[in-house]
file final.txt (compact mmCIF, C-alpha atoms)
# COMPACT_ATOMS: atom_id res chain seq x y z
CA MET A 243 141.03 60.71 179.04
CA THR A 244 139.12 61.09 182.31
CA ILE A 245 140.33 59.94 185.72
CA ASN A 246 137.37 57.59 186.04
CA PHE A 247 138.22 55.99 182.68
CA LEU A 248 141.82 55.44 183.76
CA ARG A 249 140.63 53.92 187.02
CA SER A 250 138.42 51.47 185.11
CA ILE A 251 141.36 50.41 182.92
CA PHE A 252 143.64 49.82 185.93
CA SER A 253 140.88 47.94 187.75
CA ALA A 254 140.40 45.65 184.74
CA MET A 255 144.16 45.04 184.52
CA ALA A 256 144.33 44.21 188.23
CA LEU A 257 141.37 41.85 187.94
CA THR A 258 143.01 40.11 184.96
CA MET A 259 146.18 39.60 187.01
CA VAL A 260 144.31 38.34 190.09
CA MET A 261 141.96 35.93 188.29
CA PRO A 262 144.68 33.41 187.27
CA VAL A 263 145.91 33.38 190.90
CA ILE A 264 142.39 32.73 192.18
CA ALA A 265 141.88 30.03 189.56
CA GLN A 266 145.18 28.44 190.56
CA GLU A 267 144.14 28.43 194.21
CA ARG A 268 140.82 26.84 193.30
CA ASP A 269 142.63 24.23 191.24
CA ASN A 270 144.27 23.05 194.47
CA THR A 271 140.97 21.45 195.40
CA ALA A 272 140.56 19.66 192.07
CA TRP A 273 141.51 15.98 191.74
CA PRO A 274 145.27 16.28 191.10
CA TRP A 275 146.31 12.69 190.42
CA ASP A 276 146.64 10.94 187.08
CA PHE A 277 144.25 8.28 188.30
CA PRO A 278 140.46 7.96 187.94
CA GLN A 279 138.31 9.07 190.89
CA GLY A 280 135.59 6.59 190.02
CA VAL A 281 137.11 3.22 190.86
CA ASN A 282 134.56 0.41 190.59
CA LEU A 283 133.99 -0.84 194.13
CA GLU A 284 131.58 -3.46 195.42
CA LEU A 285 130.22 -1.58 198.42
CA GLU A 286 127.19 -2.22 200.59
CA GLU A 287 125.39 0.08 202.99
CA GLY A 288 126.85 -0.36 206.48
CA GLN A 289 130.05 -1.98 205.22
CA THR A 290 133.32 -1.09 206.96
CA VAL A 291 135.87 0.77 204.84
CA LEU A 292 139.15 2.64 205.27
CA SER A 293 139.34 6.21 203.96
CA PRO A 294 140.82 9.66 204.70
CA PHE A 295 137.20 10.77 205.14
CA THR A 296 138.06 13.58 207.58
CA TYR A 297 141.31 14.83 206.06
CA TYR A 298 140.31 14.93 202.39
CA PRO A 299 137.15 17.11 202.77
CA SER A 300 139.01 19.38 205.20
CA SER A 301 141.86 19.88 202.71
CA VAL A 302 139.39 20.64 199.92
CA GLU A 303 137.54 23.14 202.12
CA LYS A 304 140.77 24.91 203.05
CA GLY A 305 141.96 24.96 199.45
CA GLU A 306 145.13 23.05 200.30
CA PRO A 307 147.09 21.39 197.47
CA LEU A 308 145.85 17.79 197.70
CA ARG A 309 149.11 16.26 196.50
CA LYS A 310 150.83 17.79 199.54
CA ALA A 311 148.03 17.07 202.00
CA VAL A 312 148.32 14.58 204.85
CA LEU A 313 145.61 11.99 204.11
CA ILE A 314 145.46 9.44 206.92
CA PHE A 315 143.11 6.50 206.38
CA TYR A 316 140.68 5.71 209.22
CA ASP A 317 137.90 3.16 209.58
CA THR A 318 134.30 4.22 208.91
CA THR A 319 131.14 2.82 207.30
CA VAL A 320 129.31 3.26 204.01
CA LYS A 321 126.01 5.16 204.06
CA LYS A 322 125.33 5.18 200.31
CA PRO A 323 127.47 3.49 197.60
CA GLY A 324 127.99 5.29 194.30
CA GLU A 325 129.68 4.69 190.94
CA GLU A 326 132.10 7.65 191.12
CA LYS A 327 131.77 8.78 194.73
CA SER A 328 130.19 7.25 197.82
CA ILE A 329 128.68 8.69 200.98
CA LEU A 330 130.50 7.65 204.15
CA ASP A 331 129.53 8.10 207.78
CA LYS A 332 131.29 10.99 209.46
CA TYR A 333 130.52 10.80 213.16
CA ASN A 334 126.84 10.16 212.49
CA GLY A 335 126.89 12.65 209.63
CA GLU A 336 127.71 12.31 205.95
CA VAL A 337 130.74 12.97 203.79
CA GLU A 338 131.13 12.33 200.06
CA MET A 339 134.38 10.64 199.05
CA PRO A 340 135.88 9.65 195.68
CA ASN A 341 135.82 5.87 195.38
CA ALA A 342 139.56 5.93 194.63
CA LEU A 343 140.12 6.95 198.26
CA ILE A 344 137.95 4.21 199.74
CA ILE A 345 139.31 0.75 200.65
CA PRO A 346 136.57 -1.85 201.29
CA ILE A 347 136.96 -4.34 204.13
CA PRO A 348 135.20 -7.72 203.62
CA LYS A 349 132.48 -8.63 206.09
CA LYS A 350 133.41 -12.24 206.84
CA ALA A 351 137.14 -12.68 206.36
CA LYS A 352 139.04 -15.45 208.13
CA ALA A 353 142.76 -15.42 208.83
CA LYS A 354 145.31 -18.03 209.78
CA LYS A 355 148.53 -17.77 211.73
CA GLY A 356 151.27 -16.11 209.67
CA ASP A 357 148.85 -14.14 207.49
CA ILE A 358 149.34 -10.43 206.99
CA VAL A 359 146.09 -8.47 207.11
CA LEU A 360 144.99 -4.95 206.32
CA THR A 361 143.11 -3.41 209.25
CA TRP A 362 143.41 -0.47 211.63
CA TRP A 363 144.96 0.02 215.06
CA GLN A 364 141.94 -1.08 217.04
CA SER A 365 143.12 0.17 220.42
CA GLY A 366 144.33 3.37 218.76
CA SER A 367 143.50 4.68 215.31
CA GLY A 368 144.68 4.71 211.72
CA LEU A 369 145.33 2.15 209.00
CA GLN A 370 147.68 -0.71 209.87
CA ARG A 371 149.01 -3.93 208.41
CA ALA A 372 149.17 -6.69 211.03
CA PHE A 373 150.76 -10.14 211.38
CA VAL A 374 148.45 -12.88 212.70
CA VAL A 375 149.93 -14.64 215.74
CA ASP A 376 146.87 -16.60 216.95
CA ASP A 377 144.15 -18.09 214.71
CA SER A 378 142.22 -20.05 217.35
CA ASN A 379 139.27 -17.89 216.24
CA PRO A 380 139.90 -17.16 212.53
CA GLU A 381 137.20 -14.47 212.43
CA GLU A 382 138.75 -12.68 215.43
CA PRO A 383 142.46 -13.42 215.08
CA LYS A 384 145.11 -11.93 217.33
CA ALA A 385 147.68 -9.91 215.42
CA CYS A 386 150.80 -7.76 215.91
CA TYR A 387 150.77 -4.44 214.09
CA LEU A 388 153.50 -4.06 211.49
CA ASP A 389 153.31 -0.31 210.91
CA LEU A 390 153.92 0.66 214.53
CA THR A 391 157.47 1.26 215.79
CA TRP A 392 159.09 -1.69 217.56
CA PRO A 393 162.21 -1.68 219.79
CA ASP A 394 165.43 -2.29 217.85
CA ASN A 395 166.62 -4.74 220.53
CA PRO A 396 165.12 -8.20 219.80
CA ASP A 397 165.41 -9.05 223.51
CA SER A 398 163.69 -5.89 224.77
CA PRO A 399 161.19 -6.58 227.59
CA LYS A 400 158.81 -4.17 225.85
CA LEU A 401 158.32 -6.78 223.12
CA VAL A 402 156.65 -9.28 225.43
CA GLU A 403 153.33 -7.43 225.37
CA LYS A 404 153.56 -6.68 221.64
CA ARG A 405 154.12 -10.34 220.77
CA ARG A 406 150.82 -11.29 222.41
CA GLY A 407 148.96 -9.35 219.76
CA GLU A 408 145.54 -7.74 219.81
CA ALA A 409 142.26 -9.44 218.91
CA LEU A 410 140.78 -7.99 215.73
CA LYS A 411 137.03 -7.48 215.52
CA PRO A 412 135.03 -9.62 213.06
CA GLY A 413 134.73 -7.93 209.68
CA SER A 414 137.59 -5.54 210.44
CA PHE A 415 140.38 -6.93 208.26
CA ALA A 416 141.30 -8.11 204.78
CA VAL A 417 143.86 -10.87 204.24
CA LEU A 418 146.73 -9.79 201.97
CA LYS A 419 148.10 -12.23 199.41
CA SER A 420 151.74 -12.21 198.36
CA GLY A 421 152.15 -11.16 194.73
CA LYS A 422 148.61 -9.77 194.45
CA TRP A 423 147.95 -6.14 193.46
CA GLN A 424 145.46 -5.37 196.21
CA SER A 425 144.75 -2.50 198.57
CA GLY A 426 147.19 -2.57 201.49
CA ALA A 427 150.02 -4.31 199.62
CA GLN A 428 153.54 -3.02 200.24
CA VAL A 429 155.16 -1.50 197.14
CA ALA A 430 158.34 0.22 196.01
CA MET A 431 158.11 3.05 193.46
CA ARG A 432 160.93 3.88 191.08
CA GLU A 433 161.87 7.58 190.91
CA ASP A 434 165.06 8.33 189.01
CA LYS A 435 167.59 5.94 190.59
CA GLU A 436 165.80 5.65 193.94
CA TRP A 437 163.16 3.26 195.27
CA LEU A 438 160.51 4.92 197.42
CA LYS A 439 158.40 2.89 199.84
CA GLY A 440 154.61 2.96 199.81
CA MET A 441 151.31 1.22 200.36
CA LEU A 442 149.03 0.38 197.46
CA ILE A 443 145.60 2.01 197.53
CA HIS A 444 144.17 0.98 194.14
CA VAL A 445 145.20 -0.17 190.66
CA GLU A 446 143.32 0.90 187.53
CA GLY A 447 144.70 -0.25 184.18
CA ASN A 448 148.36 0.77 183.99
CA LYS A 449 148.06 3.30 186.81
CA VAL A 450 148.68 2.79 190.52
CA LEU A 451 147.55 5.03 193.40
CA VAL A 452 149.92 4.85 196.37
CA GLN A 453 150.21 6.29 199.87
CA GLY A 454 153.79 7.19 200.71
CA LEU A 455 155.70 8.70 203.61
CA GLY A 456 153.78 11.25 205.65
CA SER A 457 150.48 9.85 204.32
CA LYS A 458 150.97 11.75 201.05
CA ILE A 459 149.29 10.23 197.98
CA GLU A 460 150.75 9.92 194.48
CA ALA A 461 149.94 8.14 191.23
CA TYR A 462 152.51 6.10 189.29
CA ASP A 463 152.75 4.08 186.12
CA LYS A 464 152.41 0.44 187.06
CA ALA A 465 155.66 -0.29 185.21
CA ASP A 466 157.50 1.85 187.80
CA VAL A 467 156.05 0.03 190.81
CA ARG A 468 157.11 -3.30 192.32
CA LEU A 469 155.21 -5.43 194.80
CA ILE A 470 157.23 -6.35 197.89
CA PRO A 471 156.73 -10.10 198.54
CA LEU A 472 155.02 -11.01 201.79
CA LYS A 473 156.50 -14.52 201.92
CA GLU A 474 160.02 -13.80 200.68
CA LYS A 475 162.68 -16.32 201.65
CA ILE A 476 165.09 -14.34 203.79
CA LYS A 477 167.58 -15.84 206.24
CA VAL A 478 170.14 -14.58 208.76
CA GLY A 479 173.24 -13.28 206.98
CA ASP A 480 171.42 -12.21 203.81
CA LYS A 481 172.23 -8.82 202.30
CA VAL A 482 168.96 -6.96 201.80
CA TRP A 483 167.30 -3.69 200.98
CA ALA A 484 165.52 -2.13 203.96
CA THR A 485 163.50 0.99 204.54
CA TRP A 486 165.17 4.24 205.56
CA ALA A 487 162.97 7.36 205.85
CA SER A 488 160.87 7.27 202.64
CA TYR A 489 163.23 4.97 200.72
CA TYR A 490 164.37 1.40 200.32
CA ARG A 491 168.16 1.34 200.60
CA PRO A 492 170.72 -1.46 200.07
CA GLY A 493 173.58 -2.32 202.39
CA TYR A 494 171.71 -4.01 205.26
CA VAL A 495 172.49 -7.47 206.68
CA VAL A 496 169.89 -9.65 208.41
CA THR A 497 170.90 -10.46 212.00
CA ALA A 498 167.70 -12.08 213.36
CA ILE A 499 164.21 -13.05 212.24
CA ASP A 500 161.16 -13.17 214.49
CA LYS A 501 158.91 -15.51 212.52
CA GLU A 502 156.26 -15.38 215.24
CA THR A 503 155.55 -11.67 214.71
CA GLY A 504 156.72 -10.94 211.16
CA HIS A 505 159.69 -8.79 212.13
CA VAL A 506 163.27 -8.80 210.86
CA TYR A 507 166.33 -7.30 212.56
CA VAL A 508 169.00 -5.86 210.28
CA LYS A 509 172.42 -4.29 210.74
CA ASN A 510 173.00 -1.03 208.87
CA GLU A 511 176.29 0.15 207.40
CA ARG A 512 177.19 1.87 210.69
CA GLY A 513 176.81 -1.42 212.55
CA ASN A 514 173.57 -0.48 214.33
CA ILE A 515 170.68 -2.95 214.66
CA GLU A 516 167.28 -1.83 213.39
CA SER A 517 163.88 -3.51 213.69
CA LYS A 518 161.86 -3.79 210.48
CA SER A 519 158.54 -5.34 209.63
CA ILE A 520 158.54 -8.13 207.06
CA THR A 521 157.19 -5.60 204.53
CA GLU A 522 160.25 -3.37 204.97
CA VAL A 523 162.95 -5.86 203.96
CA THR A 524 163.48 -7.36 200.51
CA LYS A 525 166.02 -8.78 198.07
CA ILE A 526 164.10 -8.05 194.84
CA LEU A 527 165.18 -4.45 194.19
CA GLU A 528 168.17 -3.42 192.10
call {"tool": "encode", "arguments": {"input": "final.txt", "output": "structure tokens"}}
result
Amino acid sequence: MTINFLRSIFSAMALTMVMPVIAQERDNTAWPWDFPQGVNLELEEGQTVLSPFTYYPSSVEKGEPLRKAVLIFYDTTVKKPGEEKSILDKYNGEVEMPNALIIPIPKKAKAKKGDIVLTWWQSGSGLQRAFVVDDSNPEEPKACYLDLTWPDNPDSPKLVEKRRGEALKPGSFAVLKSGKWQSGAQVAMREDKEWLKGMLIHVEGNKVLVQGLGSKIEAYDKADVRLIPLKEKIKVGDKVWATWASYYRPGYVVTAIDKETGHVYVKNERGNIESKSITEVTKILE
């Protein structure tokens, strides 16, 4: 048996061992969720949408595991709608995105005071839910953002400016309806004996695609997901579940409710007061 022959055998063995590793690395860029990529969306050219249109392609290019990737949704526009994937504008360029990671925003929505809308932080960036505080112009309502951190002291002087709200641009928001399975709805996902918090991206049949803590995305069976009511009857003194890190946890007591901005103040088991948005407090979990 010649040296060259032995070398060829060892080279083949090494290649056989390396190929599964390479294939596994490549699989990181494949669609990892038990949820269809091709969600049927009614999109028009130039329409505003929310999507992780910078993070998703970057993660694919780097070969990062998509289920662990940070996928923050930003506002952008549609360049070319498609049945499975659509072309979105990327800083005057193009990027192809799975429809399952695109949330359409209606062109002519109107909101009234007390509504919760899906939008983005218009003086900053990134997807936000917001509570309408002024509907004098229903197509450009003023709203307080619910997914930004608020002071835990209900009398904090920092709240004065926040309570005034920010005017939302026309065609930049979608009104959320309590009890409706729609993009932007607040949800709780059952895992073992815990309830995780999340935001609904899309529903397809008995599957739900959700964005959780750290902007990570996961798919769940619809039977394991509960919608958090937007108009739940909660009063001072009620015992409630409230968000803690990535979970909903029991043992909180409502101490104050700011009905003008959609915020609830709760006392935790240590006796500390915490500020929560209306989407982060509920009595429906068990």
call {"tool": "closest_atom_pairs", "arguments": {"input": "final.txt", "of": "segment 410-462 of chain A", "to": "segment 478-491 of chain A", "cutoff": "10 Å", "atoms": "all atoms listed in the file", "output": "CSV"}}
result
residue,atom,partner,partner_atom,distance
A:Ala430,CA,A:Tyr490,CA,7.5
A:Met431,CA,A:Tyr489,CA,9.1
A:Arg432,CA,A:Tyr489,CA,10.0
A:Glu436,CA,A:Tyr489,CA,7.3
A:Trp437,CA,A:Tyr490,CA,5.5
A:Leu438,CA,A:Tyr489,CA,4.3
A:Lys439,CA,A:Tyr489,CA,5.3
A:Gly440,CA,A:Ser488,CA,8.1
A:Gly454,CA,A:Ser488,CA,7.3
A:Leu455,CA,A:Ser488,CA,5.5
A:Gly456,CA,A:Ser488,CA,8.7
call {"tool": "residues_around", "arguments": {"input": "final.txt", "residues": "Pro348 of chain A", "least_positions_apart": "3", "cutoff": "10 Å", "atoms": "all atoms listed in the file", "output": "list of chain:residue names"}}
result
A:Glu284, A:Leu285, A:Gln289, A:Thr290, A:Val291, A:Ile345, A:Ala351, A:Lys352, A:Pro412, A:Gly413, A:Ser414, A:Phe415, A:Ala416, A:Val417
call {"tool": "atom_distance", "arguments": {"input": "final.txt", "atom1": "atom CA of Glu511 of chain A", "atom2": "atom CA of Val429 of chain A"}}
result
23.5 Å
call {"tool": "residues_around", "arguments": {"input": "final.txt", "residues": "Glu286 of chain A", "least_positions_apart": "4", "cutoff": "9 Å", "atoms": "all atoms listed in the file", "output": "PyMOL selection string"}}
result
chain A and resi 290+320-323
call {"tool": "residues_around", "arguments": {"input": "final.txt", "residues": "Ala409 of chain A", "least_positions_apart": "5", "cutoff": "12 Å", "atoms": "only C-alpha atoms", "output": "PyMOL selection string"}}
result
chain A and resi 353+361-365+372-387+404+414-415
call {"tool": "write_last_selection", "arguments": {"input": "final.txt", "atoms": "C-alpha atoms", "output": "tab-separated table (two decimals), in the frame of the given file"}}
result
chain	number	residue	atom	x	y	z
A	353	ALA	CA	142.76	-15.42	208.83
A	361	THR	CA	143.11	-3.41	209.25
A	362	TRP	CA	143.41	-0.47	211.63
A	363	TRP	CA	144.96	0.02	215.06
A	364	GLN	CA	141.94	-1.08	217.04
A	365	SER	CA	143.12	0.17	220.42
A	372	ALA	CA	149.17	-6.69	211.03
A	373	PHE	CA	150.76	-10.14	211.38
A	374	VAL	CA	148.45	-12.88	212.70
A	375	VAL	CA	149.93	-14.64	215.74
A	376	ASP	CA	146.87	-16.60	216.95
A	377	ASP	CA	144.15	-18.09	214.71
A	378	SER	CA	142.22	-20.05	217.35
A	379	ASN	CA	139.27	-17.89	216.24
A	380	PRO	CA	139.90	-17.16	212.53
A	381	GLU	CA	137.20	-14.47	212.43
A	382	GLU	CA	138.75	-12.68	215.43
A	383	PRO	CA	142.46	-13.42	215.08
A	384	LYS	CA	145.11	-11.93	217.33
A	385	ALA	CA	147.68	-9.91	215.42
A	386	CYS	CA	150.80	-7.76	215.91
A	387	TYR	CA	150.77	-4.44	214.09
A	404	LYS	CA	153.56	-6.68	221.64
A	414	SER	CA	137.59	-5.54	210.44
A	415	PHE	CA	140.38	-6.93	208.26
call {"tool": "closest_atom_pairs", "arguments": {"input": "final.txt", "of": "segment 398-474 of chain A", "to": "segment 297-305 of chain A", "cutoff": "12 Å", "atoms": "all atoms listed in the file", "output": "CSV"}}
result
residue,atom,partner,partner_atom,distance
A:Ser457,CA,A:Tyr297,CA,10.6
A:Lys458,CA,A:Tyr298,CA,11.2
A:Ile459,CA,A:Tyr298,CA,11.1
call {"tool": "closest_residue", "arguments": {"input": "final.txt", "among": "A:Phe315, A:Trp423, A:Tyr507, A:Tyr333", "to": "Gln453 of chain A", "atoms": "all atoms listed in the file"}}
result
A:Phe315
call {"tool": "atom_distance", "arguments": {"input": "final.txt", "atom1": "atom CA of Asp357 of chain A", "atom2": "atom CA of Gly493 of chain A"}}
result
27.9 Å
call {"tool": "atom_distance", "arguments": {"input": "final.txt", "atom1": "atom CA of Leu401 of chain A", "atom2": "atom CA of Gly366 of chain A"}}
result
17.8 Å
call {"tool": "closest_residue", "arguments": {"input": "final.txt", "among": "A:Glu502, A:Glu528, A:Glu287, A:Asp276", "to": "Leu451 of chain A", "atoms": "only C-alpha atoms"}}
result
A:Asp276
